[in-house]
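What follows is a single structure, written as structure tokens, with notes after it.
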Amino acid sequence: MASDISEASSSTADLKLQFAPFSSALEAGFWHQLTQKKLNDYRLDESPKCIKGYYYNGDPVGLPTRLTLEFSAFDVDGPTPARCCPAVGTLYNTNTLDAFKNTDKKALLEKEAAEIWDAIQSGAALKNPSILCRFILLTFADLKKYHFYYWFCFPALCFPEGIKVVQEPVVLDQVFSAKQIAALREAYDGLCVSRGTTAVPYFLMKYSDDAVHMAPLEDWEAFFTDTKKVTVGVYDPCTLSQHPGWPLRNLLVLLATQWGSKLDVVEVLCFRDRTLQGSRSIQHSLVFRVKLPELPSSSVCPKSVGWEKNPKGALGPRMVNLSECMDPKRLAESSVDLNLKLMRWRLVPSLDLDKVVNTKCLLLGAGTLGCNVARTLMGWGVRRITFVDNAKISYSNPVRQPLYEFEDCLGGGKSKALAAVDRLTKIFPGVNAEGFNMSIPMPGHPVNFSQATLSQAQKDVEQLEKLISEHDVVFLLMDTRESRWLPTVIAASKRKLVVNAALGFDTFVVMRHGLKRPPNSQTVSTESDSSPSCSSASSSSSTPAGSAPRVPGSSLFSNIPGHKLGCYFCNDVVAPGDSTRDRTLDQQCTVSRPGLAMIAGALAVELMVSILQHTEGGYAVASSSDDRMNEPPTSLGLVPHQIRGFLSRFDNVLPASLAFDKCTACSPIVLDHYEREGFSFLSKVFNSSHSFLEDLTGLTLLHQETQAAEIWDMSDDDSI
Amino acid sequence: MTEKSCGVLDEEEFYKCCRLLLQQSEQLRDGWSWEAVQGSEGYLKKTALRPVPAPQREEESGSHPQMHSTCNPSPQPPQEEQPVCVASSDPSSSSDELEDEDDNSCWVAENIGLMFQFEYHILYSCSYAVPVLYFRAFTLEGRSLTLGEVWSCVHPNFRICLQSCPLNAISQQEHPLLGQPFFVFHPCRTEDFMKPMLQAAQDQHRTVNYVLSWLSVVGPVVGLDVSLNYSLERLPGAPPCSPRQH
Ligand SMILES: [Zn+2]
């Protein structure tokens with residue numbers, strides 16, 4: 001068999017042997033472990049550390065020749081994966097990027113090469129040939145950014161003139177019979193067993209037509225009684241058909257140093273051993289012959305190479321950014337996202353999470369409702385949450401307002417808007433929260449005491465207009481009715497979705513405001529919307545905003561499209577600012593049953609999410625209680641206009657009502673005045689009594705006409 | 001090994017199943033190993049290398065040539081002369097002292113972005129009394145992949161399957177023994193889909209390795225195929241019976 005090889009050798013006169021270099025391969029766990037070591041053991045210690053990697057000769061064709069380091073790399077005495085060869089290396093972990101840059105790479109390589117050279121010369125490498133496969137790893141771990149800089153070196157000693165190929169590489173089954181291949185496999189397995197291991201990096205080999213014998217390197221003298229024909233085996237991680245892997249390189253230097261004077265040509269077996277679909281093969285191993293060159297001097301360490309090229313093919317380090325998988329904040333973000341996706345994958349496949357997560361939410365009010373709305377928004381993965389509140393945290397707040405603690409009340413109390421932001425960020429650093437400690441001007445609450453108060457009010461209005469413009473959804477969560485008026489007007493004018501929640505003692509209303517059509521399309525259509533407000537399902541008289549007497553002629557409406565739906569003030573026949581009449585209701589907020597704010601806050605967010613899932617968003621037709629049996633309009637179910645809850649009965653109803661053409665907040669005349677006159681109109685509202693808005697909208701007139709209707713309306717209630 | 005058809009297995013059975021799987025894996029050389037962790041605990045581990053799917057290839061490797069080998073010194077790769085830039089600051093400034101003259105190595109175009117490493121761990125969940133598959137994938141540099149990247153590597157059919165099949169409960173969790181972030185198949189549905197499999201086996205008087213049967217269902221979803229040889233070898237002479245239940 002071997003004679004076949006030499007006959008083909010004439011054409012290879014000038015062919016030099018070329019080795020496939022190692023590619024470094026790092027498992028994610030390696031970087032985690034390095035981080036732990038740096039933080040807990042090494043700290044500022046830059047001294048070299050011993051680490052361990054491994055390589056494998058069973059890869060399918062096409063895979064790079066890898067030297068792999070996993071998380072167990074720091075446990076040098078630990079086990080090596082089965083049928084893999086260990087490679088021991090030296091880790092230089094620098095404390096700074098400058099130290100990493102300025103490390104003398106050439107000196108590191110030469111130092112390592114000298115050690116290999118010593119072991120080769122002394123013969124120590126024969127007993128422990130793994131020294132021929134040493135490596136260097138230079139690292140810098142930037143643990144603030146989770147950037148890891150690294151550079152591998154696989155030191156190889158060089159023959160100045162290269163290595164002449166006498167016989168080109170061929171695959172084993174071209175030169176070995178099936179019988180010989182089987183014998184070789186058996187001999188290798190036997191060698192492994194006798195060495196008590198599952199992989200042998202280097203071995204000596206003798207073969208005849210029907211037998212193969214193997215021995216460890218150190219048995220050279222006894223094994224090769226004559227050196228006319230010498231075959232060495234190398235466990236070869238390379239899968240290229242024309243090249244051996246790196247581990248052979250230093251072995252040839254060892255052979256030249258130890259036996260060069262006696263050896264001319266060496267036969268090399270690049271032992272490759274793979275199992276595919278349960279069937280093992282070694283016949284793709286390579287066999288070739290090289291002429292062993294002489295080393296120029298037997299005492300001076302030869303030139304060495306080995307720094308790994310980076311992905312650009314140049315000699316240089318690599319950097320890997322692991323913030324995604326190491327930065328706790330990033331981890332929290334991806335876990336939250338995945339958790340939400342879990343809901344989608346498992347339960348609601350058509351759920352558009354991005355729509356929810358990317359919604360910018362403005363929370364007007366950071367009290368009981370604001371805190372609960374914020375927490376539920378966080379649960380939905382909403383990232384942008386902005387609070388507006390002018391109150392400070394008082395001692396009674398923390399037990400009902402889940403974003404505050406006792407400490408927040410001390411020293412006069414922290415601003416709610418700012419404290420809420422701090423807490424959200426603590427709960428989930430990925431949130432993009434902002435707080436504005438500011439007042440919202442209210443009708444009937446004059447701002448014209450001085451030029452200063454007037455310009456402050458103007459600033460507040462501008463700020464609120466800006467905030468509403470910058471957000472997608474406005475939550476009205478204040479504890480007074482009047483303070484909801486200005487944001488209702490601004491949001492209606494800017495066509496922003498408004499979700500409103502208000503509490504009574506044991507009743508609540510959660511509603512979306514009707515979303516007006518875009519300004520240009522709203523031409524004649526308003527005429528047809530002039531029917532008076534209505535409520536499809538009635539509510540007890542203690543419900544906020546629903547308590548006002550209804551207009552005669554109200555009837556059951558269904559299928560009201562989003563642009564015709566009413567706002568919080570549409571059902572009222574008194575303008576906000578009428579403190580004497582409505583104050584009691586608004587004040588009830590603080591005396592509502594404690595669970596109510598959580599229920600209403602959660603419902604407000606869930607209503608928003610359901611609206612967002614509807615293809616028409618805020619223009620979606622209002623679902624009513626009657627729709628509970630029908631095919632729901634979204635993957636999450638109904639999209640009601642209002643949810644009115646009665647805790648005493650543990651019951652909710654889903655009324656829908658039309659926009660009221662005399663509404664003090666969303667009627668065309670109010671929006672028109674606001675849009676044309678801006679702050680001068682608003683300041684008139686703030687500074688005047690409620691009759692100003694009632695006069696403007698025609699409510700005053702209506703009022704007089706319907707004085708008697710109140711009694712009629714009350715009786716209507718009883719019928720439900 | 002279990003004759004029960006209740007869909008769960010106790011811890012002792014789990015370890016027994018693992019030992020059997022390892023014995024077969026040793027025969028099949030498909031790379032499963034047992035990783036002991038301090039104490040008596042441990043887990044089954046397997047790693048695999050997989051080529052990056054074509055659409056991702058460009059992002060991962062930039063404009064680098066695809067993997068091929070050329071030999072020095074004849075065709076010098078054109079990038080050789082370019083300055084190396086690592087992040088904004090360049091820690092390689094001192095590398096010019098290194099000579100890049102090695103006639104004896106063949107230049108293999110960098111394929112760092114062209115291979116992903118996959119790591120699979122099988123642990124026992126005491127609370128659900130079922131095995132749990134933890135997995136992660138990373139580049140050759142050790143950068144973990146997102147779930148989207150992982151799935152883009154999996155056979156496209158499985159991505160469709162993922163939308164509908166009950167196994168798609170994947171979340172991110174700390175590995176209970178390693179403390180590092182892993183993806184995990186949530187075990188809440190395991191019992192449900194194991195029950196009919198075990199029942200069928202029991203009806204046919206077949207013995208079943210719970211872990212193996214379970215793995216043959218969940219594994220393929222994240223690219224971990226279980227060789228048919230496992231079932232062939234267990235039942236010599238018997239018709240090949242795939243426990244796959246897709
Ligand atoms: Zn209105």
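Residue numbering restarts at 1 for every chain of the structure tokens, chains are lettered A, B, ... in their displayed order, and ligands are numbered from 1 as they appear.
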- Write out as a list in words the residues lying within 7 Å of B:Val226, counting only C-alpha atoms and excluding same-chain residues fewer than 2 positions away.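 Listing them by chain and then by number gives Ser216, Leu224 and Leu228 of chain B.
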Requested write-out: N, CA and C atoms of the selected residues, as a PDB file, in the first residue's frame:
```pdb
ATOM      1  N   SER B 216     -37.481  13.693  21.762  1.00  0.00           N
ATOM      2  CA  SER B 216     -37.748  13.587  20.326  1.00  0.00           C
ATOM      3  C   SER B 216     -38.897  14.509  19.918  1.00  0.00           C
ATOM      4  N   LEU B 224     -32.609  20.315  17.606  1.00  0.00           N
ATOM      5  CA  LEU B 224     -31.921  19.187  18.222  1.00  0.00           C
ATOM      6  C   LEU B 224     -32.619  17.902  17.788  1.00  0.00           C
ATOM      7  N   LEU B 228     -32.840   8.354  15.005  1.00  0.00           N
ATOM      8  CA  LEU B 228     -33.769   7.220  15.013  1.00  0.00           C
ATOM      9  C   LEU B 228     -33.102   5.979  15.577  1.00  0.00           C
TER      10      LEU B 228
END
```
Residues contacting ligand 1 - anything with an atom at most 7 Å away, using only C-alpha atoms and all ligand atoms - can you give me those as a PDB file with all heavy atoms, in the first residue's frame?
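And here's part38.pdb as it stands now:
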```
ATOM      1  N   GLY A 566     -68.992  59.584  23.200  1.00  0.00           N
ATOM      2  CA  GLY A 566     -68.883  60.750  24.063  1.00  0.00           C
ATOM      3  C   GLY A 566     -67.624  60.759  24.906  1.00  0.00           C
ATOM      4  O   GLY A 566     -66.856  59.796  24.921  1.00  0.00           O
ATOM      5  N   CYS A 567     -67.425  61.884  25.576  1.00  0.00           N
ATOM      6  CA  CYS A 567     -66.313  62.001  26.514  1.00  0.00           C
ATOM      7  C   CYS A 567     -66.866  61.979  27.933  1.00  0.00           C
ATOM      8  O   CYS A 567     -68.074  61.840  28.149  1.00  0.00           O
ATOM      9  CB  CYS A 567     -65.500  63.262  26.223  1.00  0.00           C
ATOM     10  SG  CYS A 567     -66.194  64.771  26.917  1.00  0.00           S
ATOM     11  N   TYR A 568     -65.993  62.139  28.874  1.00  0.00           N
ATOM     12  CA  TYR A 568     -66.361  62.117  30.287  1.00  0.00           C
ATOM     13  C   TYR A 568     -67.393  63.186  30.615  1.00  0.00           C
ATOM     14  O   TYR A 568     -68.227  63.007  31.487  1.00  0.00           O
ATOM     15  CB  TYR A 568     -65.080  62.340  31.082  1.00  0.00           C
ATOM     16  CG  TYR A 568     -65.192  62.293  32.579  1.00  0.00           C
ATOM     17  CD1 TYR A 568     -65.506  61.109  33.235  1.00  0.00           C
ATOM     18  CD2 TYR A 568     -64.971  63.431  33.351  1.00  0.00           C
ATOM     19  CE1 TYR A 568     -65.581  61.057  34.617  1.00  0.00           C
ATOM     20  CE2 TYR A 568     -65.037  63.391  34.734  1.00  0.00           C
ATOM     21  CZ  TYR A 568     -65.345  62.205  35.364  1.00  0.00           C
ATOM     22  OH  TYR A 568     -65.410  62.168  36.724  1.00  0.00           O
ATOM     23  N   PHE A 569     -67.344  64.330  29.887  1.00  0.00           N
ATOM     24  CA  PHE A 569     -68.221  65.441  30.212  1.00  0.00           C
ATOM     25  C   PHE A 569     -69.519  65.427  29.415  1.00  0.00           C
ATOM     26  O   PHE A 569     -70.407  66.217  29.674  1.00  0.00           O
ATOM     27  CB  PHE A 569     -67.477  66.771  29.974  1.00  0.00           C
ATOM     28  CG  PHE A 569     -66.313  66.947  30.913  1.00  0.00           C
ATOM     29  CD1 PHE A 569     -65.027  66.594  30.520  1.00  0.00           C
ATOM     30  CD2 PHE A 569     -66.510  67.449  32.191  1.00  0.00           C
ATOM     31  CE1 PHE A 569     -63.963  66.751  31.400  1.00  0.00           C
ATOM     32  CE2 PHE A 569     -65.441  67.606  33.068  1.00  0.00           C
ATOM     33  CZ  PHE A 569     -64.167  67.251  32.672  1.00  0.00           C
ATOM     34  N   CYS A 570     -69.579  64.533  28.412  1.00  0.00           N
ATOM     35  CA  CYS A 570     -70.750  64.530  27.554  1.00  0.00           C
ATOM     36  C   CYS A 570     -72.040  64.234  28.301  1.00  0.00           C
ATOM     37  O   CYS A 570     -73.105  64.711  27.936  1.00  0.00           O
ATOM     38  CB  CYS A 570     -70.584  63.515  26.424  1.00  0.00           C
ATOM     39  SG  CYS A 570     -69.568  64.119  25.077  1.00  0.00           S
ATOM     40  N   ALA A 659     -71.501  61.236  21.656  1.00  0.00           N
ATOM     41  CA  ALA A 659     -70.978  62.545  21.997  1.00  0.00           C
ATOM     42  C   ALA A 659     -72.155  63.524  22.023  1.00  0.00           C
ATOM     43  O   ALA A 659     -73.093  63.427  21.237  1.00  0.00           O
ATOM     44  CB  ALA A 659     -69.941  62.973  20.969  1.00  0.00           C
ATOM     45  N   PHE A 660     -72.091  64.462  22.954  1.00  0.00           N
ATOM     46  CA  PHE A 660     -73.159  65.428  23.166  1.00  0.00           C
ATOM     47  C   PHE A 660     -72.753  66.733  22.487  1.00  0.00           C
ATOM     48  O   PHE A 660     -71.661  67.241  22.737  1.00  0.00           O
ATOM     49  CB  PHE A 660     -73.326  65.594  24.686  1.00  0.00           C
ATOM     50  CG  PHE A 660     -74.392  66.553  25.093  1.00  0.00           C
ATOM     51  CD1 PHE A 660     -75.541  66.750  24.333  1.00  0.00           C
ATOM     52  CD2 PHE A 660     -74.250  67.259  26.288  1.00  0.00           C
ATOM     53  CE1 PHE A 660     -76.518  67.636  24.758  1.00  0.00           C
ATOM     54  CE2 PHE A 660     -75.228  68.139  26.709  1.00  0.00           C
ATOM     55  CZ  PHE A 660     -76.366  68.339  25.947  1.00  0.00           C
ATOM     56  N   CYS A 663     -71.602  69.408  24.745  1.00  0.00           N
ATOM     57  CA  CYS A 663     -70.620  69.004  25.759  1.00  0.00           C
ATOM     58  C   CYS A 663     -69.683  70.165  26.064  1.00  0.00           C
ATOM     59  O   CYS A 663     -69.211  70.859  25.164  1.00  0.00           O
ATOM     60  CB  CYS A 663     -69.816  67.808  25.259  1.00  0.00           C
ATOM     61  SG  CYS A 663     -68.477  67.353  26.366  1.00  0.00           S
ATOM     62  N   THR A 664     -69.393  70.361  27.325  1.00  0.00           N
ATOM     63  CA  THR A 664     -68.538  71.479  27.726  1.00  0.00           C
ATOM     64  C   THR A 664     -67.072  71.216  27.413  1.00  0.00           C
ATOM     65  O   THR A 664     -66.235  72.092  27.557  1.00  0.00           O
ATOM     66  CB  THR A 664     -68.676  71.730  29.236  1.00  0.00           C
ATOM     67  OG1 THR A 664     -68.413  70.502  29.918  1.00  0.00           O
ATOM     68  CG2 THR A 664     -70.071  72.228  29.566  1.00  0.00           C
ATOM     69  N   ALA A 665     -66.735  69.993  27.001  1.00  0.00           N
ATOM     70  CA  ALA A 665     -65.324  69.691  26.735  1.00  0.00           C
ATOM     71  C   ALA A 665     -65.051  69.306  25.282  1.00  0.00           C
ATOM     72  O   ALA A 665     -64.055  69.728  24.714  1.00  0.00           O
ATOM     73  CB  ALA A 665     -64.846  68.561  27.648  1.00  0.00           C
ATOM     74  N   CYS A 666     -65.938  68.506  24.679  1.00  0.00           N
ATOM     75  CA  CYS A 666     -65.588  67.985  23.365  1.00  0.00           C
ATOM     76  C   CYS A 666     -66.515  68.445  22.253  1.00  0.00           C
ATOM     77  O   CYS A 666     -66.395  67.990  21.117  1.00  0.00           O
ATOM     78  CB  CYS A 666     -65.503  66.459  23.395  1.00  0.00           C
ATOM     79  SG  CYS A 666     -67.105  65.647  23.454  1.00  0.00           S
ATOM     80  N   SER A 667     -67.423  69.345  22.565  1.00  0.00           N
ATOM     81  CA  SER A 667     -68.332  69.796  21.507  1.00  0.00           C
ATOM     82  C   SER A 667     -67.572  70.658  20.499  1.00  0.00           C
ATOM     83  O   SER A 667     -66.556  71.279  20.846  1.00  0.00           O
ATOM     84  CB  SER A 667     -69.496  70.577  22.116  1.00  0.00           C
ATOM     85  OG  SER A 667     -68.997  71.698  22.809  1.00  0.00           O
TER      86      SER A 667
END
```
What are the closest atom pairs, with distances in Å to one decimal, for each residue of chain A lying within 6 Å of chain B, using only C-alpha atoms, rows by chain and rising residue number, as CSV?
```
residue,atom,partner,partner_atom,distance
A:Gln18,CA,B:Asn104,CA,4.5
A:Phe19,CA,B:Ser105,CA,4.4
A:Ala20,CA,B:Cys106,CA,5.3
A:Ala25,CA,B:Leu140,CA,4.6
A:Leu26,CA,B:Gly142,CA,4.8
A:Glu27,CA,B:Gly142,CA,4.6
A:Ala28,CA,B:Gly142,CA,4.2
A:Lys101,CA,B:Pro91,CA,4.3
A:Gly278,CA,B:Leu28,CA,4.2
A:Pro311,CA,B:Glu110,CA,5.1
A:Gly313,CA,B:Glu80,CA,5.9
A:Ala314,CA,B:Glu80,CA,5.1
A:Gly316,CA,B:Ser92,CA,5.6
A:Leu322,CA,B:Arg143,CA,5.8
A:Ser335,CA,B:Gln172,CA,5.6
A:Leu338,CA,B:Ser171,CA,5.7
A:Leu342,CA,B:Ala169,CA,5.8
```
Contacts of A:Gly89 at 8 Å (only C-alpha atoms; same-chain gap of 5+ positions) as a PDB file with N, CA, C and O atoms, in the first residue's frame:
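Once everything was written out, this is part35.pdb:
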```pdb
ATOM      1  N   CYS A  50      -3.696  29.787  34.298  1.00  0.00           N
ATOM      2  CA  CYS A  50      -3.738  28.583  33.477  1.00  0.00           C
ATOM      3  C   CYS A  50      -5.196  28.287  33.094  1.00  0.00           C
ATOM      4  O   CYS A  50      -6.083  28.290  33.941  1.00  0.00           O
ATOM      5  N   ILE A  51      -5.447  28.071  31.818  1.00  0.00           N
ATOM      6  CA  ILE A  51      -6.802  27.700  31.381  1.00  0.00           C
ATOM      7  C   ILE A  51      -6.724  26.519  30.414  1.00  0.00           C
ATOM      8  O   ILE A  51      -5.629  26.134  29.976  1.00  0.00           O
ATOM      9  N   LYS A  52      -7.870  25.980  30.097  1.00  0.00           N
ATOM     10  CA  LYS A  52      -7.882  24.772  29.275  1.00  0.00           C
ATOM     11  C   LYS A  52      -8.960  24.832  28.206  1.00  0.00           C
ATOM     12  O   LYS A  52     -10.081  25.253  28.471  1.00  0.00           O
ATOM     13  N   GLY A  53      -8.581  24.420  27.027  1.00  0.00           N
ATOM     14  CA  GLY A  53      -9.557  24.307  25.948  1.00  0.00           C
ATOM     15  C   GLY A  53      -9.495  22.896  25.383  1.00  0.00           C
ATOM     16  O   GLY A  53      -8.824  22.026  25.943  1.00  0.00           O
ATOM     17  N   ARG A 134      -0.074  24.153  23.022  1.00  0.00           N
ATOM     18  CA  ARG A 134      -0.417  25.200  23.983  1.00  0.00           C
ATOM     19  C   ARG A 134      -0.991  26.408  23.254  1.00  0.00           C
ATOM     20  O   ARG A 134      -0.850  26.566  22.049  1.00  0.00           O
ATOM     21  N   PHE A 135      -1.658  27.269  24.030  1.00  0.00           N
ATOM     22  CA  PHE A 135      -2.168  28.515  23.438  1.00  0.00           C
ATOM     23  C   PHE A 135      -2.079  29.658  24.437  1.00  0.00           C
ATOM     24  O   PHE A 135      -1.866  29.431  25.631  1.00  0.00           O
ATOM     25  N   ILE A 136      -2.190  30.859  23.908  1.00  0.00           N
ATOM     26  CA  ILE A 136      -2.197  32.064  24.740  1.00  0.00           C
ATOM     27  C   ILE A 136      -3.524  32.755  24.502  1.00  0.00           C
ATOM     28  O   ILE A 136      -4.013  32.808  23.374  1.00  0.00           O
ATOM     29  N   LEU A 137      -4.106  33.280  25.558  1.00  0.00           N
ATOM     30  CA  LEU A 137      -5.304  34.098  25.384  1.00  0.00           C
ATOM     31  C   LEU A 137      -5.113  35.407  26.131  1.00  0.00           C
ATOM     32  O   LEU A 137      -4.926  35.422  27.352  1.00  0.00           O
TER      33      LEU A 137
END
```
- Query: For the atom pair atom CA of A:Lys228 and atom CA of A:Val266, what is the interatomic distance in Å to one decimal place?
  - Reply: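 Between atom CA of A:Lys228 and atom CA of A:Val266 the gap works out to 9.1 Å.
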- Task: Extract the full set of alpha helix (DSSP H) residues from stretch 1-187 of chain A according to DSSP on the backbone, and format it as an MDAnalysis selection string.
- Result: chainID A and resid 2:7 28:37 97:102 105:122 124:127 172:175 178:187
- B:Gly42, B:Pro53, B:Pro187, B:Gly219: which is nearest B:Tyr128, counting only C-alpha atoms?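 Smallest distance to B:Tyr128 is found for B:Pro187.
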- Message: For A:Val431, find every residue with an atom within 9 Å (counting only C-alpha atoms), except residues of its own chain fewer than 5 positions away, and show them as a PyMOL selection string.
- Response: chain A and resi 333+378+381-385+424-425
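Relative to atom CA of A:Arg66, atom CA of A:Thr239 is found at 10.4 Å.
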- Measure the distance from atom CA of A:Glu161 to atom CA of A:Pro216 in Å and round it to one decimal.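 Interatomic distance, atom CA of A:Glu161 to atom CA of A:Pro216: 28.7 Å.
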- as a PyMOL selection string, please: all residues of stretch 48-238 of chain A that backbone DSSP puts in strand (DSSP E or B). chain A and resi 49-56+66-69+84-94+135-142+147-157+164-171+202-207+212-215+230-235
When you look at A:Val356 with a cut-off of 10 Å (counting only C-alpha atoms), what residues show up, excluding the ones that are within fewer than 3 positions of it in the same chain? I need them as a PDB file with N, CA, C and O atoms, in the first residue's frame.
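Generated file (part29.pdb):
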```
ATOM      1  N   LEU A 351     -51.948  38.478  18.683  1.00  0.00           N
ATOM      2  CA  LEU A 351     -51.711  39.672  19.496  1.00  0.00           C
ATOM      3  C   LEU A 351     -50.555  40.491  18.924  1.00  0.00           C
ATOM      4  O   LEU A 351     -49.478  39.983  18.667  1.00  0.00           O
ATOM      5  N   ASP A 352     -50.834  41.785  18.710  1.00  0.00           N
ATOM      6  CA  ASP A 352     -49.768  42.669  18.220  1.00  0.00           C
ATOM      7  C   ASP A 352     -49.126  43.345  19.425  1.00  0.00           C
ATOM      8  O   ASP A 352     -49.559  44.401  19.884  1.00  0.00           O
ATOM      9  N   LEU A 353     -48.074  42.701  19.933  1.00  0.00           N
ATOM     10  CA  LEU A 353     -47.432  43.207  21.144  1.00  0.00           C
ATOM     11  C   LEU A 353     -46.686  44.500  20.891  1.00  0.00           C
ATOM     12  O   LEU A 353     -46.638  45.375  21.746  1.00  0.00           O
ATOM     13  N   THR A 359     -46.432  51.954  22.699  1.00  0.00           N
ATOM     14  CA  THR A 359     -47.377  53.045  22.946  1.00  0.00           C
ATOM     15  C   THR A 359     -46.827  53.972  24.035  1.00  0.00           C
ATOM     16  O   THR A 359     -46.411  53.525  25.088  1.00  0.00           O
ATOM     17  N   LYS A 360     -46.844  55.267  23.725  1.00  0.00           N
ATOM     18  CA  LYS A 360     -46.355  56.254  24.691  1.00  0.00           C
ATOM     19  C   LYS A 360     -47.528  56.731  25.531  1.00  0.00           C
ATOM     20  O   LYS A 360     -48.498  57.265  25.000  1.00  0.00           O
ATOM     21  N   LEU A 377     -49.399  48.938  33.097  1.00  0.00           N
ATOM     22  CA  LEU A 377     -48.710  49.246  31.833  1.00  0.00           C
ATOM     23  C   LEU A 377     -47.355  48.540  31.783  1.00  0.00           C
ATOM     24  O   LEU A 377     -46.948  47.998  30.756  1.00  0.00           O
ATOM     25  N   TRP A 380     -47.567  45.089  30.805  1.00  0.00           N
ATOM     26  CA  TRP A 380     -47.761  44.900  29.368  1.00  0.00           C
ATOM     27  C   TRP A 380     -46.500  45.255  28.584  1.00  0.00           C
ATOM     28  O   TRP A 380     -46.515  45.254  27.356  1.00  0.00           O
ATOM     29  N   GLY A 381     -45.451  45.592  29.287  1.00  0.00           N
ATOM     30  CA  GLY A 381     -44.197  45.894  28.594  1.00  0.00           C
ATOM     31  C   GLY A 381     -44.133  47.297  28.020  1.00  0.00           C
ATOM     32  O   GLY A 381     -43.221  47.603  27.257  1.00  0.00           O
ATOM     33  N   VAL A 382     -45.086  48.155  28.376  1.00  0.00           N
ATOM     34  CA  VAL A 382     -45.048  49.538  27.868  1.00  0.00           C
ATOM     35  C   VAL A 382     -43.794  50.217  28.411  1.00  0.00           C
ATOM     36  O   VAL A 382     -43.494  50.134  29.595  1.00  0.00           O
ATOM     37  N   ARG A 383     -43.035  50.838  27.508  1.00  0.00           N
ATOM     38  CA  ARG A 383     -41.758  51.404  27.912  1.00  0.00           C
ATOM     39  C   ARG A 383     -41.840  52.886  28.264  1.00  0.00           C
ATOM     40  O   ARG A 383     -41.130  53.374  29.113  1.00  0.00           O
ATOM     41  N   MET A 608     -57.256  50.067  27.109  1.00  0.00           N
ATOM     42  CA  MET A 608     -56.330  50.633  26.129  1.00  0.00           C
ATOM     43  C   MET A 608     -55.751  49.534  25.229  1.00  0.00           C
ATOM     44  O   MET A 608     -55.710  49.673  24.004  1.00  0.00           O
ATOM     45  N   VAL A 609     -55.347  48.425  25.845  1.00  0.00           N
ATOM     46  CA  VAL A 609     -54.729  47.345  25.069  1.00  0.00           C
ATOM     47  C   VAL A 609     -55.723  46.770  24.062  1.00  0.00           C
ATOM     48  O   VAL A 609     -55.387  46.527  22.909  1.00  0.00           O
ATOM     49  N   SER A 610     -56.963  46.600  24.507  1.00  0.00           N
ATOM     50  CA  SER A 610     -57.975  46.071  23.597  1.00  0.00           C
ATOM     51  C   SER A 610     -58.237  47.037  22.446  1.00  0.00           C
ATOM     52  O   SER A 610     -58.410  46.626  21.306  1.00  0.00           O
ATOM     53  N   ILE A 611     -58.267  48.338  22.762  1.00  0.00           N
ATOM     54  CA  ILE A 611     -58.467  49.337  21.697  1.00  0.00           C
ATOM     55  C   ILE A 611     -57.321  49.236  20.685  1.00  0.00           C
ATOM     56  O   ILE A 611     -57.529  49.242  19.476  1.00  0.00           O
ATOM     57  N   LEU A 612     -56.093  49.122  21.217  1.00  0.00           N
ATOM     58  CA  LEU A 612     -54.919  49.075  20.330  1.00  0.00           C
ATOM     59  C   LEU A 612     -54.948  47.831  19.445  1.00  0.00           C
ATOM     60  O   LEU A 612     -54.392  47.839  18.346  1.00  0.00           O
ATOM     61  N   GLN A 613     -55.555  46.749  19.945  1.00  0.00           N
ATOM     62  CA  GLN A 613     -55.588  45.527  19.142  1.00  0.00           C
ATOM     63  C   GLN A 613     -56.639  45.602  18.038  1.00  0.00           C
ATOM     64  O   GLN A 613     -56.627  44.804  17.120  1.00  0.00           O
TER      65      GLN A 613
END
```
- Message: What's around A:Ile131 at 12 Å? Count only C-alpha atoms, leave out sequence neighbours fewer than 6 positions away in its own chain, and write the answer as a list in words.
- Response: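 Everything that qualifies: Lys52, Cys85, Pro86, Ala87, Val88, Gly89, Thr90, Glu112, Ala113, Ala114, Glu115, Ile116, Trp117, Asp118, Ala119, Ile120, Gly123, Ala124, Ala125, Phe154, Pro155, Ala156, Pro201, Tyr202, Pro247, Asn250, Leu251 and Leu254 of chain A.
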